[in-house]
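Pasted below: structure-v5.cif, mmCIF, C-alpha atoms and all ligand atoms.
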```cif
data_entry
#
loop_
_atom_site.label_atom_id
_atom_site.label_comp_id
_atom_site.auth_asym_id
_atom_site.auth_seq_id
_atom_site.Cartn_x
_atom_site.Cartn_y
_atom_site.Cartn_z
CA MET Q 113 98.10 135.16 25.00
CA SER Q 114 95.85 132.38 23.81
CA SER Q 115 96.15 128.97 25.33
CA THR Q 116 97.04 127.16 22.15
CA PRO Q 117 99.79 124.61 22.88
CA LEU Q 118 103.30 125.99 22.57
CA THR Q 119 106.12 123.96 21.04
CA VAL Q 120 109.49 124.73 22.59
CA ARG Q 121 112.93 123.95 21.17
CA HIS Q 122 116.40 125.13 22.01
CA PRO Q 123 118.86 125.05 19.08
CA SER Q 124 121.98 124.50 21.21
CA LYS Q 125 123.16 123.29 24.58
CA ALA Q 126 124.37 126.74 25.58
CA ILE Q 127 122.49 129.49 27.38
CA LYS Q 128 123.85 132.89 28.44
CA GLY Q 129 121.90 135.97 29.46
CA THR Q 130 120.20 138.11 32.08
CA VAL Q 131 116.60 137.52 33.18
CA GLN Q 132 114.72 140.08 35.28
CA LEU Q 133 112.26 138.02 37.30
CA THR Q 134 108.97 139.46 38.53
CA GLY Q 135 108.38 140.06 42.24
CA SER Q 136 107.59 137.22 44.62
CA LYS Q 137 103.91 136.25 44.49
CA SER Q 138 104.03 135.22 48.14
CA GLU Q 139 105.66 138.42 49.37
CA SER Q 140 103.36 140.53 47.18
CA ASN Q 141 100.11 139.01 48.44
CA ARG Q 142 101.18 139.46 52.04
CA ALA Q 143 102.27 143.04 51.35
CA LEU Q 144 98.86 143.87 49.87
CA ILE Q 145 97.01 142.58 52.93
CA ILE Q 146 99.41 144.46 55.23
CA GLN Q 147 98.96 147.63 53.16
CA ALA Q 148 95.16 147.30 53.44
CA LEU Q 149 95.25 146.63 57.19
CA SER Q 150 97.62 149.57 57.69
CA ARG Q 151 95.12 151.83 55.92
CA GLY Q 152 97.84 152.96 53.56
CA ALA Q 153 100.61 153.57 56.12
CA VAL Q 154 102.50 150.74 54.44
CA LYS Q 155 103.49 151.23 50.81
CA VAL Q 156 104.57 148.44 48.45
CA GLU Q 157 107.20 148.52 45.71
CA ASN Q 158 108.09 145.99 43.00
CA LEU Q 159 104.73 144.24 43.29
CA SER Q 160 104.64 140.96 41.37
CA ALA Q 161 103.07 140.82 37.90
CA ALA Q 162 101.58 137.45 38.90
CA ALA Q 163 97.89 137.06 38.07
CA ASP Q 164 97.37 135.92 41.67
CA THR Q 165 98.63 139.33 42.82
CA VAL Q 166 96.50 141.23 40.30
CA ILE Q 167 93.52 139.23 41.62
CA MET Q 168 94.38 140.06 45.23
CA ASN Q 169 94.73 143.76 44.41
CA LYS Q 170 91.37 143.85 42.64
CA ALA Q 171 89.67 141.92 45.45
CA LEU Q 172 90.93 144.36 48.08
CA ALA Q 173 89.77 147.32 45.99
CA LEU Q 174 86.33 145.72 45.62
CA VAL Q 175 86.11 145.09 49.35
CA ASP Q 176 87.07 148.68 50.02
CA THR Q 177 83.99 149.83 48.10
CA SER Q 178 81.77 147.39 49.98
CA ARG Q 179 81.31 149.95 52.77
CA GLU Q 180 78.96 151.79 50.42
CA THR Q 181 76.51 148.97 49.89
CA GLU Q 182 74.08 146.82 51.87
CA GLU Q 183 74.35 144.14 49.18
CA THR Q 184 76.38 140.98 49.66
CA VAL Q 185 79.60 141.47 47.69
CA MET Q 186 80.83 138.57 45.52
CA VAL Q 187 84.62 138.26 45.69
CA ASP Q 188 85.93 135.77 43.12
CA ILE Q 189 89.65 135.06 43.46
CA GLY Q 190 89.89 132.49 40.65
CA PRO Q 191 92.76 130.03 41.29
CA ALA Q 192 94.69 132.23 43.72
CA GLY Q 193 95.29 130.18 46.87
CA THR Q 194 96.88 132.88 49.02
CA ALA Q 195 94.11 135.30 48.01
CA MET Q 196 91.50 132.76 49.15
CA ARG Q 197 93.27 131.97 52.40
CA PHE Q 198 94.33 135.47 53.36
CA LEU Q 199 90.99 137.08 52.45
CA THR Q 200 89.14 134.43 54.48
CA SER Q 201 90.57 136.16 57.55
CA TYR Q 202 90.72 139.73 56.25
CA LEU Q 203 87.04 139.91 55.25
CA ASN Q 204 85.96 139.33 58.86
CA LEU Q 205 87.45 142.75 59.69
CA ALA Q 206 85.92 144.54 56.69
CA GLU Q 207 82.51 146.21 56.67
CA GLY Q 208 79.86 144.32 54.77
CA ASN Q 209 78.82 140.79 53.83
CA PHE Q 210 80.76 138.72 51.32
CA ILE Q 211 80.72 135.56 49.27
CA LEU Q 212 84.35 134.50 48.77
CA THR Q 213 84.68 132.06 45.89
CA GLY Q 214 87.09 130.80 43.23
CA THR Q 215 87.58 128.32 40.40
CA GLU Q 216 86.21 124.81 40.44
CA ARG Q 217 89.64 123.62 41.58
CA MET Q 218 89.72 126.28 44.33
CA GLN Q 219 86.40 124.85 45.56
CA GLN Q 220 88.20 121.51 45.98
CA ARG Q 221 91.07 122.97 48.05
CA PRO Q 222 90.21 122.51 51.75
CA ILE Q 223 89.80 125.53 54.02
CA GLY Q 224 87.88 124.08 56.97
CA ILE Q 225 90.89 124.22 59.31
CA LEU Q 226 91.11 127.99 58.86
CA VAL Q 227 87.34 128.53 59.06
CA ASP Q 228 87.13 126.53 62.29
CA ALA Q 229 89.95 128.61 63.82
CA LEU Q 230 88.28 131.87 62.78
CA LYS Q 231 84.91 130.74 64.17
CA THR Q 232 86.65 129.99 67.48
CA VAL Q 233 87.87 133.60 67.52
CA GLY Q 234 84.36 134.91 66.78
CA ALA Q 235 83.94 134.92 62.99
CA ALA Q 236 80.58 134.40 61.26
CA ILE Q 237 81.43 132.18 58.29
CA ASP Q 238 79.19 129.68 56.49
CA TYR Q 239 79.79 127.29 53.62
CA GLU Q 240 77.81 128.05 50.46
CA LYS Q 241 78.20 124.54 49.05
CA LYS Q 242 80.30 121.79 50.63
CA SER Q 243 81.34 121.93 54.27
CA GLY Q 244 85.06 122.58 54.61
CA PHE Q 245 85.46 124.11 51.17
CA PRO Q 246 84.88 127.44 49.37
CA PRO Q 247 82.64 129.29 48.50
CA LEU Q 248 82.37 130.95 51.88
CA LYS Q 249 79.77 133.41 53.17
CA ILE Q 250 81.54 135.86 55.48
CA LYS Q 251 79.89 138.52 57.63
CA GLY Q 252 82.27 141.40 58.26
CA GLY Q 253 82.64 143.47 61.42
CA MET Q 254 83.67 140.50 63.59
CA ALA Q 255 83.55 141.01 67.38
CA GLN Q 256 86.44 138.97 68.77
CA GLU Q 257 85.34 136.39 71.35
CA LYS Q 258 88.62 134.58 72.05
CA GLN Q 259 92.30 135.40 71.93
CA ARG Q 260 93.74 131.88 71.90
CA VAL Q 261 93.24 129.44 69.04
CA SER Q 262 94.81 126.14 68.05
CA ILE Q 263 95.40 125.21 64.42
CA GLN Q 264 96.84 122.16 62.65
CA GLY Q 265 100.19 122.97 61.02
CA ASN Q 266 100.68 120.19 58.48
CA VAL Q 267 97.99 120.86 55.86
CA SER Q 268 98.74 124.41 54.68
CA SER Q 269 100.92 127.09 56.27
CA GLN Q 270 98.68 129.60 54.53
CA TYR Q 271 96.04 129.04 57.20
CA LEU Q 272 98.52 130.21 59.86
CA SER Q 273 99.78 133.13 57.77
CA SER Q 274 96.18 134.20 57.23
CA LEU Q 275 95.51 134.42 60.97
CA LEU Q 276 98.86 136.06 61.74
CA LEU Q 277 98.28 138.78 59.17
CA ILE Q 278 95.11 140.02 60.94
CA ALA Q 279 96.29 139.31 64.52
CA ALA Q 280 97.54 142.81 65.40
CA SER Q 281 94.29 144.29 64.10
CA LEU Q 282 92.17 142.26 66.56
CA GLU Q 283 91.17 144.02 69.76
CA GLN Q 284 92.69 141.20 71.87
CA GLY Q 285 95.48 140.27 69.48
CA LEU Q 286 96.01 136.52 68.94
CA VAL Q 287 97.70 133.56 70.61
CA LEU Q 288 98.18 130.89 67.93
CA GLU Q 289 98.97 127.35 69.07
CA ILE Q 290 100.31 125.15 66.28
CA ALA Q 291 99.04 121.60 66.62
CA GLY Q 292 101.40 118.91 65.33
CA GLU Q 293 104.12 119.39 62.72
CA LEU Q 294 104.43 122.66 60.77
CA THR Q 295 105.00 122.23 57.03
CA SER Q 296 106.09 125.07 54.70
CA LYS Q 297 107.51 126.82 57.77
CA PRO Q 298 109.51 129.42 55.78
CA TYR Q 299 106.21 130.92 54.63
CA VAL Q 300 105.11 131.49 58.24
CA THR Q 301 108.49 133.07 58.92
CA MET Q 302 108.04 135.24 55.82
CA THR Q 303 104.69 136.44 57.18
CA LEU Q 304 106.16 137.31 60.57
CA ASP Q 305 109.22 138.98 59.02
CA MET Q 306 107.02 141.16 56.78
CA LEU Q 307 104.76 142.07 59.72
CA GLN Q 308 107.91 142.97 61.66
CA GLU Q 309 109.00 145.21 58.77
CA ALA Q 310 105.65 147.00 59.18
CA GLY Q 311 106.16 147.43 62.93
CA ILE Q 312 104.21 144.43 64.20
CA THR Q 313 106.19 142.44 66.76
CA HIS Q 314 105.56 138.86 67.85
CA THR Q 315 106.89 136.13 70.11
CA TRP Q 316 107.30 132.51 68.99
CA THR Q 317 107.95 130.09 71.82
CA ASP Q 318 107.80 126.35 71.14
CA ASN Q 319 104.53 125.83 69.23
CA THR Q 320 102.92 129.17 70.20
CA ILE Q 321 103.03 132.47 68.31
CA GLU Q 322 101.67 135.56 70.08
CA ILE Q 323 100.85 138.92 68.52
CA SER Q 324 99.38 141.69 70.68
CA PRO Q 325 97.10 144.46 69.34
CA GLN Q 326 99.40 146.92 67.51
CA GLU Q 327 99.41 149.73 64.97
CA PHE Q 328 101.30 149.34 61.68
CA LYS Q 329 104.11 151.84 61.23
CA PRO Q 330 104.61 153.86 58.03
CA THR Q 331 107.11 152.01 55.84
CA THR Q 332 107.70 150.80 52.29
CA ILE Q 333 107.92 147.07 51.63
CA TYR Q 334 110.15 146.25 48.64
CA VAL Q 335 109.19 142.89 47.10
CA GLU Q 336 112.16 140.72 46.15
CA PRO Q 337 112.19 138.87 42.80
CA ASP Q 338 110.59 135.44 42.93
CA TRP Q 339 112.89 132.54 43.94
CA SER Q 340 110.32 129.98 42.83
CA ALA Q 341 110.53 131.50 39.33
CA ALA Q 342 114.33 131.40 39.58
CA SER Q 343 114.15 127.61 39.97
CA TYR Q 344 113.18 127.19 36.31
CA TRP Q 345 116.29 129.09 35.17
CA TYR Q 346 118.36 126.88 37.46
CA ALA Q 347 116.85 123.85 35.69
CA ILE Q 348 117.62 125.33 32.27
CA VAL Q 349 121.26 125.94 33.25
CA ALA Q 350 121.45 122.45 34.80
CA LEU Q 351 120.30 120.94 31.47
CA SER Q 352 122.75 123.01 29.45
CA GLU Q 353 126.31 122.02 28.59
CA GLU Q 354 127.37 125.64 28.92
CA GLY Q 355 125.07 127.87 30.92
CA LYS Q 356 125.41 131.25 32.61
CA VAL Q 357 122.37 133.28 33.69
CA VAL Q 358 122.21 136.47 35.76
CA LEU Q 359 119.07 137.05 37.87
CA PRO Q 360 119.15 140.70 39.08
CA GLY Q 361 117.73 141.57 42.50
CA LEU Q 362 117.97 138.18 44.18
CA LYS Q 363 119.78 138.43 47.50
CA ALA Q 364 121.54 136.01 49.84
CA HIS Q 365 119.24 137.05 52.69
CA SER Q 366 115.77 136.26 51.40
CA LEU Q 367 112.38 135.89 53.06
CA GLN Q 368 111.59 133.15 50.56
CA GLY Q 369 112.14 129.50 51.49
CA ASP Q 370 112.59 128.64 47.81
CA ILE Q 371 116.12 130.06 48.07
CA ALA Q 372 116.71 126.39 48.93
CA ILE Q 373 117.00 125.86 45.17
CA MET Q 374 120.56 127.16 45.39
CA GLU Q 375 121.78 124.19 47.44
CA MET Q 376 119.60 121.66 45.67
CA MET Q 377 120.92 122.66 42.28
CA THR Q 378 124.55 122.24 43.32
CA HIS Q 379 123.68 118.53 43.09
CA PHE Q 380 122.85 119.05 39.39
CA GLY Q 381 126.04 120.97 38.63
CA VAL Q 382 124.84 124.55 39.00
CA ALA Q 383 126.87 127.00 41.12
CA SER Q 384 125.46 130.27 42.50
CA SER Q 385 127.18 133.50 43.41
CA PHE Q 386 125.81 136.84 44.57
CA GLN Q 387 127.42 139.76 42.81
CA GLU Q 388 126.80 143.49 42.56
CA ASN Q 389 124.27 143.12 39.76
CA GLY Q 390 122.43 140.14 41.25
CA LEU Q 391 122.57 136.36 41.42
CA HIS Q 392 124.85 134.60 38.92
CA ILE Q 393 124.17 130.92 38.21
CA ALA Q 394 126.43 128.76 36.05
CA LYS Q 395 126.84 125.13 35.01
CA VAL Q 396 130.16 124.02 36.49
CA ASN Q 397 130.01 120.22 36.66
CA GLN Q 398 127.68 117.23 36.50
CA GLY Q 399 126.65 117.57 40.15
CA SER Q 400 126.63 114.89 42.81
CA ASP Q 401 124.99 111.52 43.42
CA LYS Q 402 122.67 112.86 46.11
CA VAL Q 403 119.46 110.83 46.18
CA LEU Q 404 117.15 112.24 48.87
CA PHE Q 405 115.59 115.68 48.49
CA ASP Q 406 113.25 117.09 51.17
CA PHE Q 407 110.63 119.68 50.19
CA LYS Q 408 108.92 120.19 53.57
CA GLY Q 409 110.04 123.83 53.61
CA CYS Q 410 109.87 124.46 49.86
CA PRO Q 411 107.01 122.45 48.30
CA ASP Q 412 106.90 124.59 45.16
CA LEU Q 413 110.37 123.37 44.12
CA ALA Q 414 109.36 119.70 43.95
CA GLN Q 415 108.17 119.79 40.34
CA THR Q 416 111.32 121.61 39.18
CA ILE Q 417 113.65 119.01 40.74
CA VAL Q 418 111.59 115.94 39.82
CA ALA Q 419 111.23 116.93 36.15
CA LEU Q 420 114.95 117.72 35.97
CA ALA Q 421 116.06 114.48 37.64
CA ALA Q 422 113.82 112.38 35.42
CA ALA Q 423 115.06 114.19 32.33
CA VAL Q 424 118.70 113.45 33.14
CA ARG Q 425 117.76 109.87 34.04
CA ARG Q 426 118.69 110.20 37.67
CA ASP Q 427 116.77 108.18 40.24
CA ILE Q 428 116.03 110.32 43.30
CA SER Q 429 113.71 110.12 46.31
CA ILE Q 430 111.63 112.98 47.66
CA THR Q 431 109.98 113.68 51.01
CA GLY Q 432 107.98 116.53 52.52
CA VAL Q 433 105.51 116.50 49.63
CA GLU Q 434 102.23 115.51 51.33
CA THR Q 435 100.81 119.02 50.81
CA LEU Q 436 101.23 118.79 47.02
CA LYS Q 437 97.91 116.96 46.75
CA ILE Q 438 95.83 120.07 47.56
CA LYS Q 439 97.59 122.67 45.45
CA GLU Q 440 96.62 123.84 41.94
CA THR Q 441 96.33 120.17 41.10
CA ASP Q 442 97.31 116.91 42.80
CA ARG Q 443 100.92 117.56 41.84
CA LEU Q 444 102.19 114.07 42.65
CA SER Q 445 99.58 112.51 40.39
CA ALA Q 446 100.27 115.06 37.65
CA LEU Q 447 104.03 114.44 37.87
CA LYS Q 448 103.53 110.67 37.64
CA ASN Q 449 101.35 111.04 34.53
CA GLU Q 450 103.82 113.33 32.76
CA LEU Q 451 107.00 111.45 33.70
CA GLU Q 452 105.52 108.28 32.24
CA LYS Q 453 105.49 109.97 28.85
CA PHE Q 454 109.26 109.61 28.68
CA GLY Q 455 109.99 106.42 30.53
CA ALA Q 456 110.12 107.60 34.12
CA THR Q 457 107.68 107.31 37.02
CA ILE Q 458 107.09 108.07 40.70
CA VAL Q 459 106.50 105.28 43.21
CA ALA Q 460 105.01 106.04 46.63
CA ASP Q 461 106.64 104.45 49.67
CA GLY Q 462 104.88 105.84 52.72
CA GLU Q 463 105.74 109.54 52.86
CA THR Q 464 108.71 109.04 50.53
CA TYR Q 465 108.28 109.05 46.76
CA HIS Q 466 110.87 107.42 44.51
CA VAL Q 467 111.51 108.87 41.05
CA LYS Q 468 112.42 105.90 38.86
CA THR Q 469 113.93 106.38 35.42
CA LYS Q 470 114.47 103.78 32.73
CA GLU Q 471 117.52 103.46 30.54
CA ALA Q 472 115.76 103.74 27.20
CA TYR Q 473 113.80 106.89 26.59
CA ALA Q 474 110.62 107.49 24.66
CA PRO Q 475 110.56 109.63 21.46
CA ASN Q 476 112.28 112.97 21.66
CA ARG Q 477 109.12 114.88 20.88
CA ILE Q 478 106.86 115.05 23.91
CA THR Q 479 103.65 116.89 24.75
CA PHE Q 480 103.03 117.72 28.40
CA ASP Q 481 99.68 118.46 30.03
CA THR Q 482 99.59 121.14 32.72
CA TYR Q 483 96.47 120.48 34.84
CA GLU Q 484 95.72 124.23 35.37
CA ASP Q 485 99.05 124.34 37.22
CA HIS Q 486 101.62 127.00 36.31
CA ARG Q 487 104.39 124.97 37.88
CA MET Q 488 103.72 121.95 35.64
CA ALA Q 489 104.25 124.16 32.58
CA MET Q 490 107.37 125.84 33.96
CA ALA Q 491 108.95 122.65 35.34
CA PHE Q 492 108.66 120.75 32.03
CA ALA Q 493 109.44 123.52 29.51
CA PRO Q 494 113.20 123.43 30.38
CA LEU Q 495 113.32 119.84 29.06
CA ALA Q 496 113.51 121.43 25.61
CA MET Q 497 117.21 121.77 26.40
CA ILE Q 498 117.67 118.02 25.98
CA PHE Q 499 114.65 116.75 24.05
CA ASP Q 500 114.27 117.72 20.39
CA GLU Q 501 110.89 119.28 21.02
CA VAL Q 502 108.63 119.84 24.02
CA THR Q 503 105.01 120.90 23.58
CA ILE Q 504 103.22 122.45 26.55
CA ASN Q 505 99.41 122.34 26.61
CA ASP Q 506 97.44 125.30 28.01
CA PRO Q 507 100.61 127.42 28.34
CA ILE Q 508 98.69 130.41 29.64
CA VAL Q 509 98.73 128.76 33.08
CA VAL Q 510 102.13 130.38 33.73
CA GLU Q 511 100.46 133.76 34.23
CA LYS Q 512 99.42 132.69 37.74
CA SER Q 513 102.93 133.51 39.03
CA TYR Q 514 105.21 134.33 36.05
CA PRO Q 515 103.35 135.96 33.10
CA ASP Q 516 106.60 136.72 31.22
CA PHE Q 517 107.86 133.13 31.35
CA TRP Q 518 107.45 132.41 27.61
CA SER Q 519 108.76 135.79 26.48
CA HIS Q 520 111.79 135.36 28.73
CA LEU Q 521 112.46 131.94 27.20
CA ARG Q 522 112.26 133.50 23.71
CA GLN Q 523 114.67 136.26 24.77
CA GLN Q 524 117.13 133.58 25.88
CA GLY Q 525 117.16 131.74 22.57
CA PHE Q 526 114.31 129.24 22.89
CA LEU Q 527 112.36 128.76 19.65
CA ILE Q 528 108.71 128.82 20.62
CA SER Q 529 105.83 128.34 18.20
CA GLY Q 530 102.11 127.89 18.54
O1 LIG Q 601 102.14 131.27 51.91
C1 LIG Q 601 102.42 131.25 50.67
O2 LIG Q 601 102.63 132.27 50.00
C2 LIG Q 601 102.53 129.93 50.01
C3 LIG Q 601 102.63 128.79 50.77
C4 LIG Q 601 102.76 127.44 50.20
O3 LIG Q 601 101.56 126.75 50.37
P1 LIG Q 601 101.34 125.72 51.61
O4 LIG Q 601 101.61 126.49 52.86
O5 LIG Q 601 99.90 125.32 51.48
O6 LIG Q 601 102.31 124.62 51.42
C5 LIG Q 601 103.13 127.46 48.71
O7 LIG Q 601 102.87 126.18 48.12
C6 LIG Q 601 102.37 128.52 47.97
O8 LIG Q 601 102.81 128.58 46.62
C7 LIG Q 601 102.53 129.91 48.55
C1 LIG Q 602 100.53 126.45 45.51
C2 LIG Q 602 100.78 127.61 44.92
O1 LIG Q 602 100.02 128.74 45.06
P1 LIG Q 602 98.65 128.93 45.87
O2 LIG Q 602 98.59 127.91 46.98
O3 LIG Q 602 98.78 130.34 46.40
O4 LIG Q 602 97.53 128.79 44.88
C3 LIG Q 602 101.95 127.81 44.02
O5 LIG Q 602 102.17 128.97 43.61
O6 LIG Q 602 102.64 126.81 43.72
#
```
Would you mind giving the structure from this file in structure tokens?
Amino acid sequence: MSSTPLTVRHPSKAIKGTVQLTGSKSESNRALIIQALSRGAVKVENLSAAADTVIMNKALALVDTSRETEETVMVDIGPAGTAMRFLTSYLNLAEGNFILTGTERMQQRPIGILVDALKTVGAAIDYEKKSGFPPLKIKGGMAQEKQRVSIQGNVSSQYLSSLLLIAASLEQGLVLEIAGELTSKPYVTMTLDMLQEAGITHTWTDNTIEISPQEFKPTTIYVEPDWSAASYWYAIVALSEEGKVVLPGLKAHSLQGDIAIMEMMTHFGVASSFQENGLHIAKVNQGSDKVLFDFKGCPDLAQTIVALAAAVRRDISITGVETLKIKETDRLSALKNELEKFGATIVADGETYHVKTKEAYAPNRITFDTYEDHRMAMAFAPLAMIFDEVTINDPIVVEKSYPDFWSHLRQQGFLISG
């Protein structure tokens, strides 16, 4: 697909259909690291089609060939955050020397907390450009020097998941002390649950997680469909007058924290039910007057909810969004810019952000910028359900996690041109 802007319209207020979502990007990128560490004992099924997962797969294959060369191997993971974070730990166990790099934006996403923790354990990592940021020079074949390491928990949970993924493969194992508050906690739990599935046990007492040296057991990890991707179909149903969508494969017991969308969307009139053939979501009422939404455990849902609330002219307040500044873009700044195109805005008030909407709305034809962020494109496209026309710039950004997003919208009756 080219990245020519796409104009999106929906001819009615009704939506009814079945959408087969791709596998979870987060589960998939963990599963690939676990598969590599298990030396193939662990198999993976239903791997995500996300570009971030394709990138991770290719990077691991490249690293696997690095044994055959004395040269420093350049590993470029583009915009893939979990690939950057997880490989920053994994490469220390591989044979060879590596430069781990990514896009310009990736080189602005901090990684010093993880590098410092790895150096404490015995890693040989240097910064190629700016201290604290990628690109990184990593010397493989690490000899572990320490078992215990402390790491700050409120910047990115990916730093913790990265260390936990390699812990059982270290000769002393790892004792991880979490300093301060832990944000995005469900992702750490996902990491531990998937390790458990592969036979790696742990203890988690207060702020300390311990993993002893262990062997992975032969198993097959089945990746669940992506709940973050489901959130955009929830928004579409919420904006419909009559909406029923079936999302096969989504289960009530999920490793993904973004299952929180189920409860959040009840406040926008969307009911969920798990049936034999998957998750059924339907518009049942106009929702509630709930104002405060907390995203500490599910940061990737913030854009979905904020765009939806602004579109239906509902003032809400959000918390737990401090980590949004260092993701694919500064998501709070991007949201503010795009909301102001149709008479809404976001006002910071300490760690709470108030979404303010105005009575009168701007023209019904709006063009949204996406800031190299797949979630900006996917959070604003559903507004075509209530605006006459929504144009999304650089639409190819969706491939990062949901490459079929536009074709799925077409299949469900959206008129898309460009
Ligand atoms: O571990 C993961 O798979 C992820 C963790 C989250 O990042 P933070 O832990 O930095 O919030 C989330 O935003 C990202 O999309 C995926
Ligand atoms: C932040 C995200 O991904 P990552 O951090 O893996 O780039 C995301 O998918 O919203």
Enumerate residues in contact with ligand LIG 602 (chain Q): an atom-to-atom distance of at most 6 Å, counting all atoms listed in the file. Format the result as an NGL selection string. :Q and (192-194 or 412 or 439-440)
Closest-contact table, chain Q side, partner ligand LIG 601 (chain Q), 8 Å, counting all atoms listed in the file, as JSON lines:
```
{"residue": "Q:Lys137", "atom": "CA", "partner": "Q:LIG601", "partner_atom": "O2", "distance": 6.9}
{"residue": "Q:Ser138", "atom": "CA", "partner": "Q:LIG601", "partner_atom": "O2", "distance": 3.8}
{"residue": "Q:Glu139", "atom": "CA", "partner": "Q:LIG601", "partner_atom": "O2", "distance": 6.9}
{"residue": "Q:Asn141", "atom": "CA", "partner": "Q:LIG601", "partner_atom": "O2", "distance": 7.4}
{"residue": "Q:Arg142", "atom": "CA", "partner": "Q:LIG601", "partner_atom": "O2", "distance": 7.6}
{"residue": "Q:Gly193", "atom": "CA", "partner": "Q:LIG601", "partner_atom": "C6", "distance": 7.4}
{"residue": "Q:Thr194", "atom": "CA", "partner": "Q:LIG601", "partner_atom": "O2", "distance": 5.9}
{"residue": "Q:Val267", "atom": "CA", "partner": "Q:LIG601", "partner_atom": "O5", "distance": 6.5}
{"residue": "Q:Ser268", "atom": "CA", "partner": "Q:LIG601", "partner_atom": "O5", "distance": 3.5}
{"residue": "Q:Ser269", "atom": "CA", "partner": "Q:LIG601", "partner_atom": "O4", "distance": 3.5}
{"residue": "Q:Gln270", "atom": "CA", "partner": "Q:LIG601", "partner_atom": "O4", "distance": 4.6}
{"residue": "Q:Tyr271", "atom": "CA", "partner": "Q:LIG601", "partner_atom": "O4", "distance": 7.5}
{"residue": "Q:Ser273", "atom": "CA", "partner": "Q:LIG601", "partner_atom": "O1", "distance": 6.6}
{"residue": "Q:Thr295", "atom": "CA", "partner": "Q:LIG601", "partner_atom": "O6", "distance": 6.7}
{"residue": "Q:Ser296", "atom": "CA", "partner": "Q:LIG601", "partner_atom": "O6", "distance": 5.0}
{"residue": "Q:Lys297", "atom": "CA", "partner": "Q:LIG601", "partner_atom": "O4", "distance": 7.7}
{"residue": "Q:Tyr299", "atom": "CA", "partner": "Q:LIG601", "partner_atom": "O1", "distance": 4.9}
{"residue": "Q:Val300", "atom": "CA", "partner": "Q:LIG601", "partner_atom": "O1", "distance": 7.0}
{"residue": "Q:Thr303", "atom": "CA", "partner": "Q:LIG601", "partner_atom": "O1", "distance": 7.8}
{"residue": "Q:Cys410", "atom": "CA", "partner": "Q:LIG601", "partner_atom": "O7", "distance": 7.4}
{"residue": "Q:Pro411", "atom": "CA", "partner": "Q:LIG601", "partner_atom": "O7", "distance": 5.6}
{"residue": "Q:Asp412", "atom": "CA", "partner": "Q:LIG601", "partner_atom": "O7", "distance": 5.2}
{"residue": "Q:Thr435", "atom": "CA", "partner": "Q:LIG601", "partner_atom": "O6", "distance": 5.8}
{"residue": "Q:Leu436", "atom": "CA", "partner": "Q:LIG601", "partner_atom": "O6", "distance": 7.4}
{"residue": "Q:Ile438", "atom": "CA", "partner": "Q:LIG601", "partner_atom": "O5", "distance": 7.7}
{"residue": "Q:Lys439", "atom": "CA", "partner": "Q:LIG601", "partner_atom": "O7", "distance": 6.9}
```
Write out as a compact mmCIF listing (two decimals) with C-alpha atoms, keeping the file's coordinate frame which residues come within 7 Å of region 441-458 of chain Q when counting all atoms listed in the file, dropping same-chain ones fewer than 2 positions away.
```txt
# COMPACT_ATOMS: atom_id res chain seq x y z
CA ALA Q 422 113.82 112.38 35.42
CA LEU Q 436 101.23 118.79 47.02
CA LYS Q 437 97.91 116.96 46.75
CA ILE Q 438 95.83 120.07 47.56
CA LYS Q 439 97.59 122.67 45.45
CA ALA Q 460 105.01 106.04 46.63
CA TYR Q 465 108.28 109.05 46.76
CA HIS Q 466 110.87 107.42 44.51
CA VAL Q 467 111.51 108.87 41.05
CA LYS Q 468 112.42 105.90 38.86
CA THR Q 469 113.93 106.38 35.42
CA LYS Q 470 114.47 103.78 32.73
CA TYR Q 473 113.80 106.89 26.59
CA ALA Q 474 110.62 107.49 24.66
CA PHE Q 480 103.03 117.72 28.40
CA TYR Q 483 96.47 120.48 34.84
CA ASP Q 485 99.05 124.34 37.22
```
Could you give me, as a CSV table (one decimal) with C-alpha atoms, keeping the file's coordinate frame, the residues that sit within 9 Å of (92.9, 141.6, 48.0) in the file's coordinates, counting only C-alpha atoms?
```csv
chain,number,residue,atom,x,y,z
Q,141,ASN,CA,100.1,139.0,48.4
Q,144,LEU,CA,98.9,143.9,49.9
Q,145,ILE,CA,97.0,142.6,52.9
Q,148,ALA,CA,95.2,147.3,53.4
Q,165,THR,CA,98.6,139.3,42.8
Q,166,VAL,CA,96.5,141.2,40.3
Q,167,ILE,CA,93.5,139.2,41.6
Q,168,MET,CA,94.4,140.1,45.2
Q,169,ASN,CA,94.7,143.8,44.4
Q,170,LYS,CA,91.4,143.8,42.6
Q,171,ALA,CA,89.7,141.9,45.4
Q,172,LEU,CA,90.9,144.4,48.1
Q,173,ALA,CA,89.8,147.3,46.0
Q,174,LEU,CA,86.3,145.7,45.6
Q,175,VAL,CA,86.1,145.1,49.4
Q,189,ILE,CA,89.6,135.1,43.5
Q,195,ALA,CA,94.1,135.3,48.0
Q,198,PHE,CA,94.3,135.5,53.4
Q,199,LEU,CA,91.0,137.1,52.4
Q,202,TYR,CA,90.7,139.7,56.2
```
When distances are computed from all atoms listed in the file, which of Q:Ile127, Q:Leu367, Q:Leu521, Q:Val156 shows the smallest separation from Pro330 (chain Q)? Q:Val156
With region 349-363 of chain Q as the partner and 8 Å as the cut-off, tabulate the residues of region 131-192 of chain Q that qualify, each row holding the nearest pair of atoms and their distance in Å to one decimal, using only C-alpha atoms, sorted by chain and rising number, as a tab-separated table.
```
residue	atom	partner	partner_atom	distance
Q:Val131	CA	Q:Leu359	CA	5.3
Q:Gln132	CA	Q:Pro360	CA	5.9
Q:Leu133	CA	Q:Leu359	CA	6.9
```
